[in-house]
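Dropping run21.txt in here (compact mmCIF, C-alpha atoms):
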# COMPACT_ATOMS: atom_id res chain seq x y z
CA MET A 1 0.00 0.00 0.00
CA PRO A 2 1.40 3.43 -0.88
CA ALA A 3 2.03 5.77 2.03
CA PRO A 4 -0.61 8.49 2.47
CA ALA A 5 0.32 11.91 1.15
CA ASN A 6 1.58 14.35 3.74
CA PRO A 7 -0.59 17.49 3.45
CA ASN A 8 2.20 19.64 4.90
CA LEU A 9 4.34 18.88 1.84
CA PHE A 10 2.03 20.75 -0.55
CA ASP A 11 4.25 23.16 -2.45
CA PRO A 12 2.82 26.64 -3.05
CA PRO A 13 2.00 27.24 -6.72
CA SER A 14 3.81 29.76 -8.85
CA ALA A 15 1.93 32.77 -10.23
CA HIS A 16 1.65 31.01 -13.60
CA GLN A 17 0.37 27.77 -12.07
CA LEU A 18 -2.23 29.61 -10.01
CA ALA A 19 -3.42 31.62 -13.02
CA ASP A 20 -3.83 28.37 -15.01
CA HIS A 21 -5.72 26.70 -12.15
CA LEU A 22 -8.09 29.64 -11.77
CA ALA A 23 -8.68 29.80 -15.52
CA ALA A 24 -9.42 26.06 -15.63
CA HIS A 25 -11.99 26.24 -12.81
CA PRO A 26 -13.95 29.51 -13.05
CA PRO A 27 -17.20 29.99 -11.15
CA VAL A 28 -20.30 29.08 -13.13
CA ARG A 29 -23.69 30.38 -12.09
CA SER A 30 -26.25 27.61 -11.85
CA ALA A 31 -29.59 27.89 -13.60
CA ASN A 32 -32.20 29.92 -11.73
CA TRP A 33 -34.68 27.10 -11.24
CA HIS A 34 -36.66 29.09 -8.69
CA LEU A 35 -37.70 31.45 -11.50
CA ARG A 36 -39.06 28.55 -13.52
CA LEU A 37 -40.71 26.81 -10.58
CA PRO A 38 -44.28 28.14 -11.21
CA ILE A 39 -44.26 26.85 -14.80
CA ILE A 40 -42.83 23.49 -13.70
CA MET A 41 -45.54 23.16 -11.04
CA ILE A 42 -48.28 23.86 -13.59
CA VAL A 43 -46.88 21.24 -15.95
CA VAL A 44 -46.53 18.67 -13.16
CA LEU A 45 -50.06 19.39 -11.94
CA GLY A 46 -51.45 18.92 -15.44
CA MET A 47 -49.63 15.63 -15.91
CA THR A 48 -50.80 14.48 -12.49
CA LEU A 49 -54.47 15.08 -13.37
CA LEU A 50 -54.07 13.15 -16.61
CA LEU A 51 -52.30 10.23 -14.98
CA MET A 52 -54.75 9.96 -12.08
CA SER A 53 -57.53 9.28 -14.54
CA SER A 54 -55.97 5.85 -15.03
CA PRO A 55 -55.69 3.55 -11.97
CA ALA A 56 -52.54 1.98 -13.39
CA PHE A 57 -50.68 5.29 -13.11
CA ALA A 58 -52.14 6.49 -9.81
CA LEU A 59 -48.85 5.89 -7.90
CA LEU A 60 -46.61 7.68 -10.37
CA PRO A 61 -47.13 11.20 -8.91
CA TRP A 62 -46.25 9.94 -5.44
CA LEU A 63 -43.15 8.20 -6.76
CA ALA A 64 -42.14 11.38 -8.55
CA LEU A 65 -42.64 13.38 -5.34
CA LEU A 66 -40.54 10.88 -3.37
CA GLY A 67 -37.79 11.07 -5.97
CA ALA A 68 -37.83 14.86 -5.86
CA MET A 69 -37.54 14.83 -2.05
CA VAL A 70 -34.59 12.42 -2.20
CA TYR A 71 -32.87 14.60 -4.81
CA ILE A 72 -33.39 17.82 -2.85
CA THR A 73 -32.20 16.20 0.38
CA SER A 74 -29.03 14.91 -1.29
CA ARG A 75 -28.35 18.35 -2.79
CA VAL A 76 -28.76 20.04 0.59
CA ARG A 77 -26.46 17.48 2.23
CA ALA A 78 -23.81 17.92 -0.48
CA MET A 79 -23.98 21.70 -0.15
CA ARG A 80 -23.61 21.51 3.63
CA GLU A 81 -20.59 19.22 3.30
CA LEU A 82 -18.99 21.56 0.77
CA GLN A 83 -19.50 24.54 3.08
CA GLN A 84 -17.92 22.58 5.93
CA ARG A 85 -14.90 21.76 3.78
CA VAL A 86 -14.44 25.43 2.87
CA THR A 87 -14.75 26.42 6.53
CA ARG A 88 -12.21 23.75 7.43
CA ALA A 89 -9.70 25.19 4.94
CA TRP A 90 -10.13 28.66 6.46
CA GLU A 91 -9.76 27.33 10.00
CA LEU A 92 -6.53 25.55 9.06
CA ALA A 93 -5.23 28.84 7.68
CA MET A 94 -6.17 30.65 10.90
CA ILE A 95 -4.20 28.19 13.04
CA ARG A 96 -1.19 28.62 10.73
CA ARG A 97 -1.29 25.17 9.13
CA TYR A 98 -0.73 26.95 5.86
CA ARG A 99 0.42 24.20 3.53
CA GLU A 100 -2.33 21.84 4.63
CA ALA A 101 -4.92 24.60 4.22
CA LEU A 102 -3.53 25.50 0.80
CA GLY A 103 -3.76 21.88 -0.34
CA HIS A 104 -7.39 21.70 0.77
CA ALA A 105 -8.26 24.99 -0.94
CA TRP A 106 -6.50 23.98 -4.16
CA ASP A 107 -8.53 20.77 -4.35
CA LEU A 108 -11.76 22.54 -3.38
CA LEU A 109 -11.66 25.05 -6.22
CA PRO A 110 -13.14 22.72 -8.90
CA ALA A 111 -15.85 21.51 -6.50
CA CYS A 112 -16.98 25.11 -5.83
CA ARG A 113 -17.47 26.13 -9.45
CA SER A 114 -21.27 26.06 -9.22
CA GLN A 115 -21.22 28.09 -5.98
CA PRO A 116 -19.65 31.50 -6.78
CA GLU A 117 -19.72 32.65 -3.15
CA LEU A 118 -17.84 29.58 -1.91
CA HIS A 119 -15.53 29.80 -4.91
CA GLY A 120 -14.62 33.36 -3.91
CA ARG A 121 -14.02 32.31 -0.30
CA VAL A 122 -11.65 29.57 -1.44
CA VAL A 123 -9.67 31.99 -3.63
CA THR A 124 -9.52 34.38 -0.65
CA VAL A 125 -8.03 31.59 1.49
CA ILE A 126 -5.47 30.85 -1.23
CA ALA A 127 -4.54 34.54 -1.50
CA HIS A 128 -4.14 34.90 2.27
CA ILE A 129 -1.96 31.81 2.59
CA LEU A 130 0.27 32.74 -0.36
CA GLY A 131 0.88 36.10 1.29
CA GLU A 132 1.80 34.42 4.57
CA LEU A 133 4.17 32.06 2.71
CA ASN A 134 5.90 34.99 0.95
CA GLN A 135 4.66 33.86 -2.45
CA ASP A 136 3.92 37.47 -3.32
CA ASN A 137 3.65 37.21 -7.11
CA ALA A 138 1.17 34.34 -6.82
CA ALA A 139 -0.74 36.21 -4.10
CA GLU A 140 -1.10 39.19 -6.42
CA VAL A 141 -2.63 36.92 -9.05
CA ALA A 142 -5.24 35.75 -6.53
CA TYR A 143 -5.99 39.28 -5.32
CA GLY A 144 -6.32 40.52 -8.88
CA TYR A 145 -8.63 37.64 -9.76
CA LEU A 146 -10.93 38.51 -6.85
CA LEU A 147 -10.90 42.25 -7.52
CA ASP A 148 -11.81 41.71 -11.18
CA ARG A 149 -14.99 39.96 -10.03
CA LEU A 150 -16.04 42.17 -7.12
CA PRO A 151 -18.04 45.39 -7.43
CA THR A 152 -15.87 48.43 -6.72
CA ASP A 153 -18.05 49.35 -3.74
CA HIS A 154 -17.95 45.87 -2.19
CA PRO A 155 -16.72 45.98 1.46
CA LEU A 156 -14.08 43.35 0.72
CA SER A 157 -12.70 45.23 -2.29
CA LEU A 158 -10.71 47.79 -0.29
CA ARG A 159 -9.25 45.10 1.99
CA LEU A 160 -8.07 43.15 -1.04
CA LYS A 161 -6.50 46.24 -2.57
CA VAL A 162 -4.57 46.88 0.63
CA GLN A 163 -3.34 43.28 0.68
CA ARG A 164 -2.34 43.50 -2.98
CA ALA A 165 -0.33 46.64 -2.17
CA VAL A 166 1.47 44.75 0.62
CA ALA A 167 2.24 41.94 -1.83
CA ALA A 168 3.69 44.50 -4.26
CA LEU A 169 5.87 45.91 -1.45
CA SER A 170 7.12 42.45 -0.54
CA ALA A 171 7.85 41.72 -4.20
CA GLY A 172 9.98 44.88 -4.40
CA ARG A 173 7.64 46.89 -6.63
CA LEU A 174 7.77 49.97 -4.41
CA ALA A 175 6.45 52.47 -6.97
CA ASP A 176 3.35 50.38 -7.72
CA ALA A 177 2.69 49.89 -4.02
CA ASP A 178 3.13 53.59 -3.25
CA GLU A 179 0.64 54.57 -5.96
CA ALA A 180 -1.89 52.02 -4.70
CA LEU A 181 -1.55 53.15 -1.07
CA ARG A 182 -1.93 56.80 -2.03
CA LYS A 183 -5.24 55.99 -3.73
CA LEU A 184 -6.39 53.95 -0.74
CA ARG A 185 -5.58 56.53 1.91
CA GLY A 186 -8.84 58.49 1.62
CA PRO A 187 -11.21 55.50 1.50
CA ALA A 188 -9.34 53.70 4.30
CA GLU A 189 -9.38 56.69 6.63
CA ALA A 190 -13.04 57.44 5.85
CA SER A 191 -14.16 53.85 6.31
CA LYS A 192 -16.07 52.83 9.41
CA ASP A 193 -14.45 49.40 9.27
CA PRO A 194 -11.68 49.37 11.91
CA ALA A 195 -10.11 46.26 10.38
CA LEU A 196 -9.64 48.08 7.07
CA GLY A 197 -7.97 51.02 8.81
CA ALA A 198 -5.70 48.60 10.69
CA ALA A 199 -4.75 46.73 7.52
CA TYR A 200 -3.94 50.02 5.80
CA ARG A 201 -1.82 51.16 8.76
CA LEU A 202 0.13 47.89 8.66
CA ALA A 203 0.68 48.35 4.93
CA ARG A 204 2.11 51.83 5.51
CA LEU A 205 4.39 50.42 8.20
CA VAL A 206 5.66 47.77 5.79
CA GLN A 207 6.28 50.58 3.30
CA ASP A 208 8.32 52.53 5.89
CA VAL A 209 10.43 49.43 6.53
CA ARG A 210 11.01 48.63 2.87
CA THR A 211 11.92 52.25 2.04
CA GLY A 212 14.11 52.81 5.11
CA HIS A 213 11.90 55.46 6.75
CA TYR A 214 12.61 54.10 10.22
CA ALA A 215 12.42 57.47 12.01
CA ASP A 216 8.93 58.14 10.64
CA ALA A 217 7.72 54.76 11.89
CA VAL A 218 9.30 55.19 15.33
CA LYS A 219 7.84 58.68 15.71
CA THR A 220 4.28 57.35 15.44
CA ALA A 221 4.90 53.91 16.96
CA ASP A 222 2.37 54.15 19.81
CA GLU A 223 -0.34 55.51 17.52
CA THR A 224 0.39 52.77 14.98
CA ALA A 225 0.21 50.04 17.62
CA ASP A 226 -3.16 51.37 18.79
CA LYS A 227 -4.49 51.42 15.22
CA LEU A 228 -3.38 47.82 14.69
CA ARG A 229 -5.53 46.40 17.51
CA PRO A 230 -8.44 45.33 15.23
CA LEU A 231 -6.07 42.91 13.46
CA GLY A 232 -5.97 40.71 16.57
CA ILE A 233 -3.07 38.28 16.52
CA GLU A 234 -1.78 39.66 13.22
CA ALA A 235 -1.04 42.94 15.01
CA GLY A 236 2.06 41.07 16.14
CA TYR A 237 3.53 41.60 12.68
CA GLY A 238 3.23 45.34 13.22
CA HIS A 239 4.89 45.13 16.63
CA GLY A 240 7.72 43.14 15.11
CA LEU A 241 8.22 45.72 12.36
CA LEU A 242 8.22 48.53 14.94
CA ALA A 243 10.93 46.65 16.84
CA TYR A 244 12.92 46.43 13.62
CA CYS A 245 12.57 50.17 12.95
CA CYS A 246 13.77 51.02 16.48
CA ASP A 247 16.67 48.61 16.15
CA ARG A 248 17.75 49.92 12.73
CA LEU A 249 17.50 53.53 13.85
CA ALA A 250 19.60 52.85 16.94
CA GLU A 251 22.26 51.05 14.91
CA ARG A 252 22.47 53.21 11.81
CA SER A 253 21.69 56.76 12.88
CA THR A 254 24.75 58.96 13.45
CA SER A 255 22.81 61.98 14.69
CA ILE A 256 21.62 60.61 18.05
CA ASP A 257 23.38 60.56 21.40
CA GLU A 258 24.15 57.46 23.42
CA THR A 259 21.17 57.94 25.75
CA THR A 260 18.74 58.07 22.84
CA ARG A 261 20.43 55.04 21.30
CA GLN A 262 19.91 53.04 24.48
CA GLN A 263 16.27 54.15 24.64
CA LEU A 264 15.72 52.95 21.06
CA THR A 265 17.34 49.60 21.88
CA HIS A 266 15.06 49.27 24.90
CA GLN A 267 12.03 50.14 22.76
CA ALA A 268 13.05 47.57 20.17
CA ARG A 269 13.20 44.89 22.86
CA ALA A 270 9.80 45.94 24.25
CA TRP A 271 8.10 45.90 20.85
CA TRP A 272 9.66 42.54 20.05
CA ASP A 273 8.39 41.07 23.31
CA LYS A 274 4.88 42.26 22.44
CA ALA A 275 5.18 40.78 18.96
CA THR A 276 6.27 37.36 20.20
CA LEU A 277 3.40 37.25 22.68
CA LEU A 278 1.09 37.13 19.66
CA ILE A 279 3.11 35.34 16.98
CA PRO A 280 6.00 32.86 17.35
CA PRO A 281 9.42 34.34 16.48
CA ALA A 282 9.97 31.82 13.68
CA ALA A 283 6.67 32.82 12.06
CA LEU A 284 7.56 36.52 12.32
CA VAL A 285 10.89 35.93 10.63
CA TYR A 286 9.33 33.71 7.96
CA ARG A 287 6.82 36.41 7.01
CA TYR A 288 9.31 39.29 7.21
CA PRO A 289 12.88 37.90 6.86
CA GLU A 290 14.46 41.21 7.92
CA LEU A 291 13.19 40.55 11.45
CA ARG A 292 15.87 37.90 11.84
CA HIS A 293 18.21 40.75 12.74
CA VAL A 294 15.95 41.75 15.63
CA THR A 295 16.06 38.24 17.11
CA THR A 296 19.86 38.35 17.25
CA THR A 297 20.15 41.85 18.68
CA THR A 298 17.41 41.52 21.30
CA HIS A 299 17.94 37.93 22.40
CA GLY A 300 21.18 36.82 20.83
CA THR A 301 19.69 33.93 18.88
CA THR A 302 16.79 32.98 16.65
CA THR A 303 14.16 30.83 18.29
As C-alpha cells, what does this structure read like?
Amino acid sequence: MPAPANPNLFDPPSAHQLADHLAAHPPVRSANWHLRLPIIMIVVLGMTLLLMSSPAFALLPWLALLGAMVYITSRVRAMRELQQRVTRAWELAMIRRYREALGHAWDLLPACRSQPELHGRVVTVIAHILGELNQDNAAEVAYGYLLDRLPTDHPLSLRLKVQRAVAALSAGRLADADEALRKLRGPAEASKDPALGAAYRLARLVQDVRTGHYADAVKTADETADKLRPLGIEAGYGHGLLAYCCDRLAERSTSIDETTRQQLTHQARAWWDKATLLIPPAALVYRYPELRHVTTTTHGTTT
C-alpha cells in the first residue's frame, strides 16, 4: 500500500500555475430554477391530473414526489458538506497550518465552481496563505482575480486592494505599491471598518520598513500600535516591524546621542516582546525575513 500523502508537503504554486488553475476552474452560475418553478408546477399538476384518470398510473405522482424529495435532500447534504470543507480550509489557515490549508483549498476550487460565493471564499483563502508564505507574485494573481470579479463598492474590495499593495511591497515593486496606497488613503481613513484602517496602517508600516523610513515609523509607533488592535493576533507583525525600525534607527543613525540610542534599543526589545506574545518568532521571521536581525540583537539567537 502506498504511504498516504503528507498534506504539509504541498508546495505553493507559482503565479503562472495559479493563473492556469483559476482559468481552468472559473465559477459558473447555476440555472435559476426558482424562476421557472411556477411553470414546472403547472406542468406537473397537469400531468398528475391526466395520470390519475388511469388507476394503473395512480402511484406515479407519489413516486415522482418521493424522488424529488430524495434529490433535494441529497443536494442540501452535499452543499452543507462543501460549506464545511471550505470552513475547514479557512480554520486551518487561521491556526497557521498553511500548507495543509492551501492543499485543501487547491482541491476545493473545482468543486466550488457552481457556488460562486464559496468559490470566492476559497480563492480568498489561497490569496491569504500565499501572502503568509511569501509567495507574493502568486498572491497578487489571486488578489487581482478577486478584484476583477467584485463590485468596486464591495466591502471586501478595499481590503483586497490593501493586501495587494502589501504583496507588491514584498515583491519589491515599491512604486506600484506607493501609488496604490496613495489611492487607498482616503477610503481607508473614511471607512467605518476598523479592520480596514488597521490593515492600511500595517501596509504603511511595511512601506516605511522597505523604504528605510525608520524614524517616521518610530515617531508614530504608539499611535500605529493602537491602530493595529483590530487585526488581533496579526497585530504582532506590526509590533515586530516597529521593533525592527527602532533597532535599525539605533544602529544606523549617526545623529543621536548614546542615551537616545539606548532608549531605542530598549524600545526595540519591548516591541519585540509584544510581537512574540502574539506570533512565534519563527513565524515573524518567515513572514518578514528582515526581522531575523531583531532576534539576534534583542535575544542573541533565533528561536
| said: Set the distance at 10 Å and use only C-alpha atoms: which residues neighbour A:Val141 once local chain neighbours fewer than 6 positions away are removed? I'd like the list as a ChimeraX atom specification. | reply: /A:14-16,18-19,22,127,147,164
| note | Closest of A:Ala235, A:Ile126, A:Val285, A:Ala168 to A:Trp106, counting all atoms listed in the file, is A:Ile126
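By chain and then residue number, the residues within 8 Å of A:Leu241 are Leu205, Val206, Val209, Tyr237, Gly238, His239, Ala243, Tyr244, Cys245 and Leu291 of chain A, counting all atoms listed in the file and disregarding those fewer than 2 positions away in sequence.
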| Which value, in Å to one decimal, gives the distance between atom CA of A:Leu181 and atom CA of A:Gln207? |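 Computing it gives 9.3 Å between the two atoms.
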| task | Please indicate the distance in Å from atom CA of A:Ala78 to atom CA of A:Pro26, rounded to one decimal place. | result |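 Taking atom CA of A:Ala78 as the start and atom CA of A:Pro26 as the end point, the length is 19.7 Å.
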| message | Would you pick out the contacts of stretch 102-104 of chain A at 9 Å or less, using only C-alpha atoms, so that residues sharing its chain but fewer than 6 positions from it are not included, and give the list as a VMD selection string? | response | chain A and resid 7 to 12 85 to 86 88 to 89 92 to 93 125 to 126 129 to 130
Counting all atoms listed in the file, give me one row per residue of stretch 175-242 of chain A with an atom at most 12 Å from an atom of stretch 261-280 of chain A, showing the shortest contact pair and its distance in Å to one decimal, sorted by chain then residue number, as CSV.
residue,atom,partner,partner_atom,distance
A:Tyr214,CA,A:Leu264,CA,11.3
A:Ala215,CA,A:Leu264,CA,10.6
A:Val218,CA,A:Leu264,CA,8.9
A:Lys219,CA,A:Leu264,CA,11.1
A:Ala221,CA,A:Trp271,CA,9.5
A:Asp222,CA,A:Trp271,CA,10.1
A:Thr224,CA,A:Trp271,CA,11.9
A:Ala225,CA,A:Trp271,CA,9.5
A:Leu228,CA,A:Ala275,CA,11.9
A:Arg229,CA,A:Leu278,CA,11.6
A:Leu231,CA,A:Leu278,CA,11.1
A:Gly232,CA,A:Leu278,CA,8.5
A:Ile233,CA,A:Leu278,CA,5.3
A:Glu234,CA,A:Leu278,CA,7.5
A:Ala235,CA,A:Ala275,CA,7.7
A:Gly236,CA,A:Ala275,CA,4.2
A:Tyr237,CA,A:Ala275,CA,6.5
A:Gly238,CA,A:Ala275,CA,7.6
A:His239,CA,A:Ala275,CA,4.9
A:Gly240,CA,A:Ala275,CA,5.2
A:Leu241,CA,A:Trp272,CA,8.4
A:Leu242,CA,A:Trp271,CA,6.5
| By how many Å are atom CA of A:Thr73 and atom CA of A:Pro110 apart? | 22.2 Å
| query | Restricting the calculation to only C-alpha atoms, which member of A:His21, A:Arg77, A:Lys161, A:Lys192 is positioned closest to A:Leu108? | reply | A:His21
| query | Within 9 Å of A:Pro116, counting only C-alpha atoms, which residues qualify if same-chain residues fewer than 3 places away don't, as a list of chain:residue names? | reply | A:Pro26, A:Pro27, A:Val28, A:Arg29, A:Cys112, A:Arg113, A:His119, A:Gly120, A:Arg121
So that I have them on file, write out the residues from the current selection with C-alpha atoms, as a short mmCIF file (atom, residue, chain, number, x, y, z; two decimals), keeping the file's coordinate frame.
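Okay, result_11.cif is ready:
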data_model
loop_
_atom_site.label_atom_id
_atom_site.label_comp_id
_atom_site.auth_asym_id
_atom_site.auth_seq_id
_atom_site.Cartn_x
_atom_site.Cartn_y
_atom_site.Cartn_z
CA PRO A 26 -13.95 29.51 -13.05
CA PRO A 27 -17.20 29.99 -11.15
CA VAL A 28 -20.30 29.08 -13.13
CA ARG A 29 -23.69 30.38 -12.09
CA CYS A 112 -16.98 25.11 -5.83
CA ARG A 113 -17.47 26.13 -9.45
CA HIS A 119 -15.53 29.80 -4.91
CA GLY A 120 -14.62 33.36 -3.91
CA ARG A 121 -14.02 32.31 -0.30
#
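With all atoms listed in the file as the atoms that count, the minimum distance from A:Val123 to the choices A:Arg173, A:Pro155, A:His25, A:Thr260 is reached by A:His25.
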Can you pull out the residues contacting A:Val162? Cut-off 9 Å, using all atoms listed in the file, and skip same-chain residues under 6 positions away; I want them as a compact mmCIF listing (two decimals) with C-alpha atoms, keeping the file's coordinate frame.
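Output (result-v4.txt):
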# COMPACT_ATOMS: atom_id res chain seq x y z
CA ALA A 180 -1.89 52.02 -4.70
CA LEU A 181 -1.55 53.15 -1.07
CA LEU A 184 -6.39 53.95 -0.74
CA LEU A 196 -9.64 48.08 7.07
CA ALA A 199 -4.75 46.73 7.52
CA TYR A 200 -3.94 50.02 5.80
CA ALA A 203 0.68 48.35 4.93
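Nearest to A:Asp247 of all the residues A:Glu189, A:Glu290, A:Asp20, A:Glu81 is A:Glu290, counting all atoms listed in the file.
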| With all atoms listed in the file as the atoms that count, which of A:Leu133, A:Leu150, A:Val76, A:Ala23 lies nearest to A:Leu284? |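 Among the listed residues, A:Leu133 lies closest to A:Leu284.
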| task | Check the smallest atom-to-atom distance from each of A:Pro187, A:Pro13, A:Gly131, A:Pro151 to A:Ala165 using all atoms listed in the file, then report the winner. | result |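 Looking at the shortest contact to A:Ala165, the residue is A:Gly131.
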